[in-house]
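Undergrad: Structure: protein10.csv, CSV, C-alpha atoms and all ligand atoms.
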chain,number,residue,atom,x,y,z
A,1,PRO,CA,-11.8,-22.1,19.9
A,2,ASP,CA,-8.1,-21.7,19.9
A,3,LEU,CA,-6.7,-19.3,17.3
A,4,GLY,CA,-3.2,-20.6,18.0
A,5,THR,CA,-1.0,-20.6,14.8
A,6,GLU,CA,2.5,-21.7,14.0
A,7,PHE,CA,4.7,-19.7,11.5
A,8,LEU,CA,8.2,-21.0,10.6
A,9,GLU,CA,8.1,-23.1,13.8
A,10,ARG,CA,7.2,-20.2,16.0
A,11,PRO,CA,3.9,-20.3,17.9
A,12,LEU,CA,1.6,-17.3,17.5
A,13,ALA,CA,-1.5,-16.3,19.4
A,14,ASN,CA,-3.5,-15.9,16.2
A,15,PRO,CA,-3.0,-15.7,12.4
A,16,LEU,CA,-3.5,-11.9,12.1
A,17,MET,CA,-1.1,-9.2,11.1
A,18,ASN,CA,-1.0,-5.9,9.1
A,19,ALA,CA,-0.2,-5.7,5.4
A,20,ALA,CA,3.1,-3.9,4.6
A,21,GLY,CA,2.4,-0.2,4.0
A,22,VAL,CA,-0.6,0.2,6.3
A,23,TRP,CA,-0.2,1.7,9.8
A,24,CYS,CA,3.6,0.9,9.7
A,25,THR,CA,5.6,3.8,8.3
A,26,LEU,CA,6.5,5.5,11.6
A,27,ALA,CA,7.7,4.0,14.9
A,28,ALA,CA,4.6,5.2,16.7
A,29,GLN,CA,2.4,3.3,14.2
A,30,LEU,CA,4.5,0.2,14.6
A,31,ASP,CA,4.3,0.5,18.4
A,32,ALA,CA,0.5,0.7,18.1
A,33,LEU,CA,0.5,-2.6,16.1
A,34,ALA,CA,2.9,-4.1,18.6
A,35,ASP,CA,0.3,-3.2,21.3
A,36,SER,CA,-2.6,-4.5,19.3
A,37,GLU,CA,-4.1,-8.0,19.0
A,38,ALA,CA,-2.1,-8.5,15.8
A,39,ALA,CA,0.1,-11.6,16.3
A,40,ALA,CA,2.9,-10.2,14.1
A,41,ILE,CA,3.8,-6.9,12.4
A,42,VAL,CA,5.5,-5.8,9.2
A,43,THR,CA,7.1,-2.5,8.3
A,44,LYS,CA,6.3,-0.2,5.4
A,45,SER,CA,8.4,-1.3,2.4
A,46,CYS,CA,11.7,0.5,2.6
A,47,THR,CA,14.1,2.0,0.1
A,48,LEU,CA,17.8,2.9,0.4
A,49,VAL,CA,17.0,6.6,1.2
A,50,ARG,CA,14.0,8.3,2.7
A,51,ARG,CA,11.2,9.1,0.2
A,52,ASP,CA,8.3,11.6,0.4
A,53,GLY,CA,6.4,9.5,-2.1
A,54,ASN,CA,3.9,10.8,-4.7
A,55,PRO,CA,1.9,14.1,-4.5
A,56,GLU,CA,-1.5,13.9,-2.7
A,57,PRO,CA,-4.2,13.0,-3.0
A,58,ARG,CA,-2.7,9.6,-3.3
A,59,TYR,CA,-5.1,7.4,-1.3
A,60,ARG,CA,-8.8,7.3,-1.5
A,61,ALA,CA,-11.2,5.1,0.6
A,62,LEU,CA,-14.2,3.8,-1.5
A,63,PRO,CA,-17.4,2.0,-0.6
A,64,LEU,CA,-15.9,-1.3,-1.8
A,65,GLY,CA,-12.2,-0.7,-0.8
A,66,SER,CA,-9.4,1.7,-1.7
A,67,ILE,CA,-7.2,3.0,-4.4
A,68,ASN,CA,-3.6,4.2,-3.8
A,69,SER,CA,-0.6,5.4,-5.5
A,70,MET,CA,1.5,6.3,-2.5
A,71,GLY,CA,4.8,6.1,-4.3
A,72,LEU,CA,6.8,4.3,-1.6
A,73,PRO,CA,6.9,7.0,1.0
A,74,ASN,CA,9.2,5.7,3.8
A,75,GLU,CA,11.9,6.7,6.2
A,76,GLY,CA,14.7,4.8,4.5
A,77,TYR,CA,15.9,1.4,5.5
A,78,LEU,CA,18.2,2.5,8.4
A,79,TYR,CA,15.1,3.8,10.2
A,80,TYR,CA,13.4,0.3,10.1
A,81,LEU,CA,16.7,-1.5,10.9
A,82,ASP,CA,16.9,0.7,14.0
A,83,TYR,CA,13.2,-0.1,14.9
A,84,ALA,CA,14.0,-3.8,14.4
A,85,ALA,CA,17.0,-3.5,16.7
A,86,HIS,CA,14.7,-2.3,19.5
A,87,HIS,CA,11.7,-4.6,18.9
A,88,ASP,CA,10.8,-7.2,21.5
A,89,TYR,CA,10.8,-10.5,19.5
A,90,ASP,CA,9.5,-12.5,22.5
A,91,HIS,CA,6.3,-10.4,22.4
A,92,LYS,CA,5.6,-10.9,18.6
A,93,PRO,CA,7.5,-11.3,15.3
A,94,LEU,CA,8.5,-8.3,13.2
A,95,PHE,CA,8.8,-8.5,9.5
A,96,VAL,CA,10.9,-5.9,7.5
A,97,SER,CA,9.5,-5.2,4.0
A,98,VAL,CA,12.1,-4.2,1.5
A,99,SER,CA,11.3,-2.6,-1.9
A,100,GLY,CA,14.6,-1.3,-3.2
A,101,LEU,CA,14.4,0.7,-6.5
A,102,SER,CA,17.2,-1.4,-8.0
A,103,LEU,CA,18.9,-4.8,-7.6
A,104,ASP,CA,21.8,-3.0,-6.0
A,105,ASP,CA,19.6,-1.2,-3.5
A,106,ASN,CA,17.8,-4.4,-2.6
A,107,LEU,CA,21.2,-6.2,-2.0
A,108,THR,CA,22.5,-3.3,0.1
A,109,ILE,CA,19.5,-3.4,2.3
A,110,VAL,CA,19.3,-7.2,2.5
A,111,ALA,CA,23.0,-7.4,3.4
A,112,ALA,CA,22.5,-4.8,6.1
A,113,LEU,CA,19.6,-6.7,7.6
A,114,ARG,CA,21.7,-9.9,7.5
A,115,ASP,CA,24.6,-8.2,9.2
A,116,VAL,CA,22.6,-6.8,12.2
A,117,VAL,CA,21.7,-10.5,12.9
A,118,LEU,CA,18.2,-9.8,14.3
A,119,PRO,CA,15.2,-12.3,14.5
A,120,ALA,CA,13.4,-9.9,12.1
A,121,LEU,CA,11.9,-11.6,9.0
A,122,LEU,CA,12.6,-10.3,5.5
A,123,GLU,CA,9.6,-9.8,3.1
A,124,ILE,CA,10.9,-8.7,-0.3
A,125,ASN,CA,8.3,-6.7,-2.1
A,126,LEU,CA,8.3,-7.7,-5.8
A,127,SER,CA,5.1,-5.9,-6.5
A,128,CYS,CA,4.9,-2.1,-5.9
A,129,PRO,CA,2.7,-0.9,-8.8
A,130,ASN,CA,3.1,2.8,-8.0
A,131,VAL,CA,6.6,4.0,-8.7
A,132,PRO,CA,6.3,5.9,-12.1
A,133,GLY,CA,8.6,4.5,-14.7
A,134,LYS,CA,9.5,1.3,-12.7
A,135,ALA,CA,8.2,-2.0,-14.0
A,136,GLN,CA,7.5,-4.2,-11.0
A,137,PRO,CA,9.7,-7.4,-10.8
A,138,GLY,CA,6.6,-9.4,-10.0
A,139,TYR,CA,5.6,-9.1,-13.7
A,140,ASP,CA,9.1,-9.5,-15.1
A,141,PHE,CA,9.9,-13.1,-14.5
A,142,GLU,CA,13.5,-13.0,-15.6
A,143,ALA,CA,14.2,-10.0,-13.3
A,144,MET,CA,12.4,-11.8,-10.5
A,145,ASP,CA,14.5,-14.9,-10.9
A,146,GLU,CA,17.7,-12.8,-10.9
A,147,LEU,CA,16.7,-10.8,-7.9
A,148,LEU,CA,15.8,-13.9,-5.9
A,149,ALA,CA,19.1,-15.6,-6.9
A,150,GLU,CA,21.0,-12.6,-5.7
A,151,VAL,CA,19.0,-12.1,-2.5
A,152,ALA,CA,19.1,-15.8,-1.6
A,153,THR,CA,22.9,-15.9,-2.1
A,154,ALA,CA,23.4,-12.6,-0.1
A,155,TYR,CA,20.9,-13.2,2.7
A,156,ARG,CA,21.4,-17.0,3.3
A,157,ARG,CA,18.6,-17.0,5.8
A,158,PRO,CA,14.8,-17.8,5.5
A,159,PHE,CA,13.0,-14.9,3.7
A,160,GLY,CA,9.7,-14.3,1.8
A,161,VAL,CA,8.3,-12.5,-1.1
A,162,LYS,CA,5.2,-10.2,-1.6
A,163,LEU,CA,3.7,-11.0,-4.9
A,164,PRO,CA,1.3,-9.0,-7.2
A,165,PRO,CA,-1.9,-10.8,-8.2
A,166,TYR,CA,-1.7,-13.1,-11.2
A,167,PHE,CA,-4.7,-13.9,-13.5
A,168,ASP,CA,-3.4,-16.8,-15.7
A,169,PHE,CA,-2.6,-20.4,-14.9
A,170,ALA,CA,0.5,-20.1,-17.0
A,171,HIS,CA,1.7,-17.3,-14.8
A,172,PHE,CA,0.9,-19.3,-11.6
A,173,ASP,CA,2.9,-22.2,-13.0
A,174,THR,CA,5.9,-20.1,-14.1
A,175,VAL,CA,6.2,-18.1,-10.9
A,176,ALA,CA,5.7,-21.1,-8.6
A,177,GLN,CA,8.5,-22.9,-10.6
A,178,ILE,CA,10.8,-20.0,-10.0
A,179,LEU,CA,9.9,-19.7,-6.2
A,180,ASN,CA,10.3,-23.5,-5.7
A,181,ARG,CA,13.9,-23.3,-6.8
A,182,TYR,CA,14.9,-21.2,-3.7
A,183,GLU,CA,15.3,-23.3,-0.6
A,184,HIS,CA,15.8,-20.1,1.6
A,185,LEU,CA,12.5,-18.7,0.3
A,186,ALA,CA,10.3,-19.8,3.2
A,187,PHE,CA,7.1,-17.9,2.7
A,188,ILE,CA,5.0,-16.3,-0.1
A,189,THR,CA,2.6,-13.4,0.6
A,190,CYS,CA,-0.3,-13.1,-1.9
A,191,ILE,CA,-1.4,-10.5,-2.9
A,192,ASN,CA,-0.3,-6.9,-3.3
A,193,SER,CA,-2.9,-4.4,-4.6
A,194,VAL,CA,-4.4,-5.0,-8.0
A,195,GLY,CA,-2.3,-2.6,-10.0
A,196,ASN,CA,-3.3,0.4,-12.0
A,197,ALA,CA,-7.1,0.5,-11.6
A,198,LEU,CA,-8.9,3.8,-12.4
A,199,ILE,CA,-11.7,5.1,-10.1
A,200,ILE,CA,-13.8,7.9,-11.5
A,201,ASP,CA,-15.9,10.5,-9.6
A,202,THR,CA,-18.9,10.9,-11.8
A,203,GLY,CA,-20.0,14.2,-10.3
A,204,GLN,CA,-16.5,15.7,-10.8
A,205,GLU,CA,-16.0,13.8,-14.0
A,206,SER,CA,-12.5,13.2,-12.7
A,207,ALA,CA,-10.0,10.7,-11.4
A,208,VAL,CA,-9.8,10.7,-7.6
A,209,ILE,CA,-6.0,10.5,-6.9
A,210,ARG,CA,-3.4,12.8,-8.4
A,211,PRO,CA,-0.4,10.5,-9.3
A,212,LYS,CA,-0.3,8.7,-12.7
A,213,ASP,CA,-3.5,10.3,-14.1
A,214,GLY,CA,-5.5,8.6,-11.3
A,215,PHE,CA,-4.2,5.0,-11.9
A,216,GLY,CA,-3.5,3.2,-8.7
A,217,GLY,CA,-3.5,-0.1,-6.7
A,218,LEU,CA,-6.9,-1.4,-5.8
A,219,GLY,CA,-7.6,-2.9,-2.3
A,220,GLY,CA,-10.5,-4.0,-0.2
A,221,ASP,CA,-13.7,-5.9,-1.1
A,222,TYR,CA,-12.9,-5.5,-4.8
A,223,VAL,CA,-9.9,-7.9,-4.5
A,224,LEU,CA,-10.9,-10.7,-2.1
A,225,PRO,CA,-11.7,-13.3,-4.9
A,226,THR,CA,-8.4,-12.6,-6.7
A,227,ALA,CA,-6.5,-12.7,-3.4
A,228,LEU,CA,-8.1,-16.1,-2.5
A,229,ALA,CA,-7.3,-17.5,-5.9
A,230,ASN,CA,-3.6,-16.5,-5.6
A,231,VAL,CA,-3.4,-17.9,-2.1
A,232,ASN,CA,-4.8,-21.2,-3.2
A,233,ALA,CA,-2.9,-21.3,-6.5
A,234,PHE,CA,0.5,-21.0,-4.7
A,235,HIS,CA,-0.7,-23.2,-1.8
A,236,ARG,CA,-1.3,-26.0,-4.4
A,237,ARG,CA,1.9,-25.3,-6.3
A,238,CYS,CA,4.4,-24.6,-3.5
A,239,PRO,CA,3.8,-27.4,-0.9
A,240,THR,CA,7.1,-26.6,0.9
A,241,LYS,CA,6.4,-22.9,1.3
A,242,THR,CA,4.2,-21.1,3.9
A,243,ILE,CA,1.5,-18.9,2.3
A,244,ILE,CA,0.6,-15.6,3.9
A,245,GLY,CA,-2.8,-14.3,2.6
A,246,CYS,CA,-3.4,-10.6,2.0
A,247,GLY,CA,-6.3,-8.9,0.1
A,248,GLY,CA,-9.9,-8.1,0.9
A,249,VAL,CA,-9.9,-9.0,4.6
A,250,ARG,CA,-12.5,-7.0,6.5
A,251,THR,CA,-14.3,-9.6,8.6
A,252,GLY,CA,-13.6,-12.9,10.5
A,253,GLU,CA,-15.3,-14.7,7.6
A,254,HIS,CA,-12.7,-13.3,5.2
A,255,VAL,CA,-9.9,-14.5,7.5
A,256,PHE,CA,-11.6,-17.9,7.6
A,257,GLN,CA,-11.7,-18.0,3.8
A,258,HIS,CA,-8.0,-17.1,3.4
A,259,LEU,CA,-7.2,-19.9,5.9
A,260,LEU,CA,-9.4,-22.4,4.1
A,261,ALA,CA,-7.6,-21.4,0.8
A,262,GLY,CA,-4.3,-22.4,2.4
A,263,ALA,CA,-3.0,-19.3,4.2
A,264,THR,CA,-1.1,-19.7,7.5
A,265,LEU,CA,-1.1,-16.0,8.4
A,266,VAL,CA,-3.6,-13.4,7.1
A,267,GLN,CA,-2.6,-9.7,6.5
A,268,VAL,CA,-5.0,-6.8,6.7
A,269,GLY,CA,-4.5,-3.6,4.6
A,270,THR,CA,-7.4,-1.4,3.5
A,271,ALA,CA,-9.7,-2.3,6.5
A,272,LEU,CA,-6.9,-1.6,8.9
A,273,TYR,CA,-6.3,1.8,7.2
A,274,GLU,CA,-9.9,2.6,7.8
A,275,GLU,CA,-10.6,1.1,11.2
A,276,GLY,CA,-7.2,1.2,13.0
A,277,PRO,CA,-5.4,-1.4,15.1
A,278,GLY,CA,-8.5,-2.2,17.1
A,279,ILE,CA,-9.6,-4.2,14.0
A,280,PHE,CA,-7.5,-7.2,15.1
A,281,GLN,CA,-9.6,-7.7,18.3
A,282,ARG,CA,-12.7,-7.7,16.1
A,283,LEU,CA,-11.3,-10.1,13.5
A,284,ALA,CA,-10.1,-12.5,16.2
A,285,ARG,CA,-13.5,-12.4,17.9
A,286,GLU,CA,-15.4,-12.9,14.6
A,287,LEU,CA,-13.1,-15.8,13.5
A,288,ALA,CA,-13.5,-17.5,16.9
A,289,GLU,CA,-17.3,-17.1,16.7
A,290,LEU,CA,-17.4,-18.6,13.1
A,291,MET,CA,-15.1,-21.5,14.2
A,292,ALA,CA,-17.4,-22.1,17.3
A,293,HIS,CA,-20.5,-22.1,15.0
A,294,LYS,CA,-18.8,-24.7,12.7
A,295,GLY,CA,-17.5,-26.8,15.6
A,296,TYR,CA,-13.8,-26.2,15.0
A,297,ARG,CA,-11.6,-26.1,18.0
A,298,ARG,CA,-8.3,-25.3,16.2
A,299,ILE,CA,-7.3,-23.7,12.9
A,300,ASP,CA,-5.4,-26.7,11.7
A,301,GLU,CA,-8.7,-28.6,11.5
A,302,PHE,CA,-9.8,-26.6,8.4
A,303,ARG,CA,-6.7,-24.7,7.2
A,304,GLY,CA,-6.0,-25.5,3.5
A,305,ARG,CA,-9.0,-27.9,3.4
A,306,LEU,CA,-11.0,-25.9,0.7
A,307,LYS,CA,-13.3,-28.4,-1.1
A,308,THR,CA,-13.9,-28.4,-4.8
A,309,LEU,CA,-17.1,-29.5,-6.5
B,1,LIG,O1,2.6,3.1,-3.5
B,1,LIG,C1,3.1,2.4,-2.6
B,1,LIG,O2,3.9,2.8,-1.7
B,1,LIG,C2,2.6,1.0,-2.6
B,1,LIG,N1,1.3,0.7,-2.8
B,1,LIG,C3,0.8,-0.5,-2.9
B,1,LIG,O3,-0.4,-0.7,-3.0
B,1,LIG,N2,1.6,-1.6,-2.8
B,1,LIG,C4,3.0,-1.4,-2.6
B,1,LIG,O4,3.7,-2.5,-2.5
B,1,LIG,C5,3.5,-0.1,-2.5
B,1,LIG,CL1,5.2,0.1,-2.2
Show this structure as structure tokens.

TA:
Amino acid sequence: PDLGTEFLERPLANPLMNAAGVWCTLAAQLDALADSEAAAIVTKSCTLVRRDGNPEPRYRALPLGSINSMGLPNEGYLYYLDYAAHHDYDHKPLFVSVSGLSLDDNLTIVAALRDVVLPALLEINLSCPNVPGKAQPGYDFEAMDELLAEVATAYRRPFGVKLPPYFDFAHFDTVAQILNRYEHLAFITCINSVGNALIIDTGQESAVIRPKDGFGGLGGDYVLPTALANVNAFHRRCPTKTIIGCGGVRTGEHVFQHLLAGATLVQVGTALYEEGPGIFQRLARELAELMAHKGYRRIDEFRGRLKTL
């Protein structure tokens, strides 16, 4: 089978890439992804200035996934613009994830990315659940609309958004209606971690991460059904946008399910954190094996073709 995929008219070897935030904070990590089977890579969400992030422990692997409250540790946007300036775009696409702490910070970073005129793709993170005291724009629809209007006006090139999970059809409808009003908004990445979960260690009778009394974003097996629902909800509601699936991907079968639900690319977070960049070779092999078993030669024979009963 051929895992060939097209994203924004660019042919890719397969639909696989990392999720922003995982194995992508430092240049050496990004280089490892560039050398892996991932067909595209995205940077850690960046802010105006470098951040240490939250106190540790701030990430914990779990039998069914992970919980994190990293607190946006990153090297500052100029570090990732510099990385983007040296990336080989003929080898594979590079996305820059931006998560400014204010509208002004986002606009400063977006304008800088525009002005360096690189083939890098902008993924605006609307959904970081772990900065104490900051409500995420993904759940403040007026703030989201204002941010997108300002970014679209400033950036004037194709860009995408990273959304939090939604759990209500009224929210799917409202958010899709906002996103569909922005022509430059070319792709939608669903989902970010399921925010503010609480994992308890029974023996210690304690939370397992330090920040925010142990409340953190959930990833991994726990979130696959919610991720698939959000991918399919926005695939149905935003026919002119490309959907990138993210959430709960650990096997080739999970990749297949995201593609069936309507994703064009599929991002890997928790499983990449635990397994390392070699996971992309395994996921590509497992997806090809599943496609062969089902008699599919190409992804576009089943992508977005989820049946209902
Ligand atoms: O705490 C984080 O750095 C973080 N953690 C997440 O699970 N999603 C995000 O978008 C971010 Cl920005």

Undergrad: What is the distance between CA of Ala233 in chain A and CA of Ser127 in chain A, in Å to one decimal?

TA: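 About the pair CA of Ala233 in chain A and CA of Ser127 in chain A: they are 17.4 Å apart.
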
Undergrad: Select from chain A every residue with an atom at most 8 Å from any atom of ligand LIG 1 (chain B), then for each give the shortest pair of atoms and their distance in Å to one decimal, using only C-alpha atoms and all ligand atoms, rows by chain and rising number, as a Markdown table.

TA:
| residue | atom | partner | partner_atom | distance |
| --- | --- | --- | --- | --- |
| A:Ala20 | CA | B:LIG1 | O4 | 7.3 |
| A:Gly21 | CA | B:LIG1 | C5 | 6.6 |
| A:Lys44 | CA | B:LIG1 | CL1 | 7.7 |
| A:Ser45 | CA | B:LIG1 | CL1 | 5.8 |
| A:Gly53 | CA | B:LIG1 | O2 | 7.2 |
| A:Asn54 | CA | B:LIG1 | O1 | 7.9 |
| A:Ile67 | CA | B:LIG1 | O3 | 7.9 |
| A:Asn68 | CA | B:LIG1 | O3 | 5.9 |
| A:Ser69 | CA | B:LIG1 | O1 | 4.4 |
| A:Met70 | CA | B:LIG1 | O1 | 3.5 |
| A:Gly71 | CA | B:LIG1 | O1 | 3.8 |
| A:Leu72 | CA | B:LIG1 | O2 | 3.3 |
| A:Pro73 | CA | B:LIG1 | O2 | 5.8 |
| A:Ser99 | CA | B:LIG1 | CL1 | 6.7 |
| A:Asn125 | CA | B:LIG1 | O4 | 6.2 |
| A:Leu126 | CA | B:LIG1 | O4 | 7.7 |
| A:Ser127 | CA | B:LIG1 | O4 | 5.4 |
| A:Cys128 | CA | B:LIG1 | O4 | 3.6 |
| A:Pro129 | CA | B:LIG1 | N2 | 6.1 |
| A:Asn130 | CA | B:LIG1 | O1 | 4.5 |
| A:Val131 | CA | B:LIG1 | O1 | 6.6 |
| A:Lys162 | CA | B:LIG1 | O4 | 7.9 |
| A:Asn192 | CA | B:LIG1 | N2 | 5.7 |
| A:Ser193 | CA | B:LIG1 | O3 | 4.7 |
| A:Val194 | CA | B:LIG1 | O3 | 7.7 |
| A:Gly195 | CA | B:LIG1 | O3 | 7.5 |
| A:Gly216 | CA | B:LIG1 | O3 | 7.6 |
| A:Gly217 | CA | B:LIG1 | O3 | 4.9 |
| A:Leu218 | CA | B:LIG1 | O3 | 7.1 |
| A:Gly219 | CA | B:LIG1 | O3 | 7.6 |

Undergrad: Which residues are close to Arg250 in chain A, i.e. within 7 Å by all atoms listed in the file, leaving aside same-chain residues fewer than 2 positions away? Reply as a ChimeraX atom specification.

TA: /A:248,254,271

Undergrad: Take CA of Ala84 in chain A and CA of Gly160 in chain A and report the distance between them in Å, one decimal.

TA: 17.0 Å

Undergrad: Excluding same-chain residues fewer than 4 positions from Ala154 in chain A, what lies within 12 Å of it counting only C-alpha atoms, as a ChimeraX atom specification?

TA: /A:103-104,106-115,147-150,158-159,184

Undergrad: Any idea what the distance is between CA of Ala186 in chain A and CA of Val268 in chain A?

TA: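 It comes out at 20.4 Å.
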
Undergrad: Taking the partial coordinates given, rebuild range 41-58 of chain A to contain N, CA, C and O atoms; return it as an mmCIF file, in the coordinates of the input.

TA:
data_model
loop_
_atom_site.group_PDB
_atom_site.id
_atom_site.type_symbol
_atom_site.label_atom_id
_atom_site.label_comp_id
_atom_site.auth_asym_id
_atom_site.auth_seq_id
_atom_site.Cartn_x
_atom_site.Cartn_y
_atom_site.Cartn_z
ATOM 1 N N ILE A 41 3.828 -8.182 13.092
ATOM 2 C CA ILE A 41 3.800 -6.900 12.400
ATOM 3 C C ILE A 41 4.800 -6.805 11.310
ATOM 4 O O ILE A 41 5.838 -7.477 11.382
ATOM 5 N N VAL A 42 4.528 -6.001 10.289
ATOM 6 C CA VAL A 42 5.500 -5.800 9.200
ATOM 7 C C VAL A 42 5.601 -4.294 8.953
ATOM 8 O O VAL A 42 4.632 -3.541 9.106
ATOM 9 N N THR A 43 6.800 -3.880 8.556
ATOM 10 C CA THR A 43 7.100 -2.500 8.300
ATOM 11 C C THR A 43 6.591 -2.052 6.927
ATOM 12 O O THR A 43 6.384 -2.892 6.046
ATOM 13 N N LYS A 44 6.455 -0.746 6.720
ATOM 14 C CA LYS A 44 6.300 -0.200 5.400
ATOM 15 C C LYS A 44 7.486 -0.634 4.531
ATOM 16 O O LYS A 44 8.628 -0.673 5.032
ATOM 17 N N SER A 45 7.260 -0.966 3.261
ATOM 18 C CA SER A 45 8.400 -1.300 2.400
ATOM 19 C C SER A 45 9.384 -0.180 2.360
ATOM 20 O O SER A 45 9.013 0.988 2.194
ATOM 21 N N CYS A 46 10.652 -0.517 2.553
ATOM 22 C CA CYS A 46 11.700 0.500 2.600
ATOM 23 C C CYS A 46 12.582 0.547 1.442
ATOM 24 O O CYS A 46 12.762 -0.442 0.741
ATOM 25 N N THR A 47 13.163 1.744 1.211
ATOM 26 C CA THR A 47 14.100 2.000 0.100
ATOM 27 C C THR A 47 15.442 2.429 0.745
ATOM 28 O O THR A 47 15.521 2.635 1.947
ATOM 29 N N LEU A 48 16.469 2.596 -0.090
ATOM 30 C CA LEU A 48 17.800 2.900 0.400
ATOM 31 C C LEU A 48 17.749 4.288 1.163
ATOM 32 O O LEU A 48 18.269 4.429 2.272
ATOM 33 N N VAL A 49 17.103 5.270 0.518
ATOM 34 C CA VAL A 49 17.000 6.600 1.200
ATOM 35 C C VAL A 49 15.538 6.940 1.389
ATOM 36 O O VAL A 49 14.644 6.427 0.708
ATOM 37 N N ARG A 50 15.329 7.839 2.330
ATOM 38 C CA ARG A 50 14.000 8.300 2.700
ATOM 39 C C ARG A 50 13.277 8.825 1.458
ATOM 40 O O ARG A 50 13.917 9.420 0.583
ATOM 41 N N ARG A 51 11.966 8.617 1.356
ATOM 42 C CA ARG A 51 11.200 9.100 0.200
ATOM 43 C C ARG A 51 9.925 9.818 0.720
ATOM 44 O O ARG A 51 9.245 9.316 1.616
ATOM 45 N N ASP A 52 9.618 10.989 0.088
ATOM 46 C CA ASP A 52 8.300 11.600 0.400
ATOM 47 C C ASP A 52 7.182 10.883 -0.257
ATOM 48 O O ASP A 52 6.048 10.936 0.212
ATOM 49 N N GLY A 53 7.446 10.213 -1.390
ATOM 50 C CA GLY A 53 6.400 9.500 -2.100
ATOM 51 C C GLY A 53 5.682 10.475 -3.097
ATOM 52 O O GLY A 53 6.131 11.603 -3.321
ATOM 53 N N ASN A 54 4.587 10.012 -3.648
ATOM 54 C CA ASN A 54 3.900 10.800 -4.700
ATOM 55 C C ASN A 54 3.082 11.941 -4.109
ATOM 56 O O ASN A 54 2.735 11.949 -2.929
ATOM 57 N N PRO A 55 2.740 12.929 -4.955
ATOM 58 C CA PRO A 55 1.900 14.100 -4.500
ATOM 59 C C PRO A 55 0.492 13.595 -4.141
ATOM 60 O O PRO A 55 -0.030 12.653 -4.726
ATOM 61 N N GLU A 56 -0.093 14.287 -3.148
ATOM 62 C CA GLU A 56 -1.500 13.900 -2.700
ATOM 63 C C GLU A 56 -2.494 14.697 -3.558
ATOM 64 O O GLU A 56 -2.127 15.695 -4.215
ATOM 65 N N PRO A 57 -3.707 14.212 -3.613
ATOM 66 C CA PRO A 57 -4.200 13.000 -3.000
ATOM 67 C C PRO A 57 -3.717 11.747 -3.647
ATOM 68 O O PRO A 57 -3.694 11.651 -4.875
ATOM 69 N N ARG A 58 -3.277 10.794 -2.809
ATOM 70 C CA ARG A 58 -2.700 9.600 -3.300
ATOM 71 C C ARG A 58 -3.307 8.307 -2.718
ATOM 72 O O ARG A 58 -2.905 7.200 -3.027
#
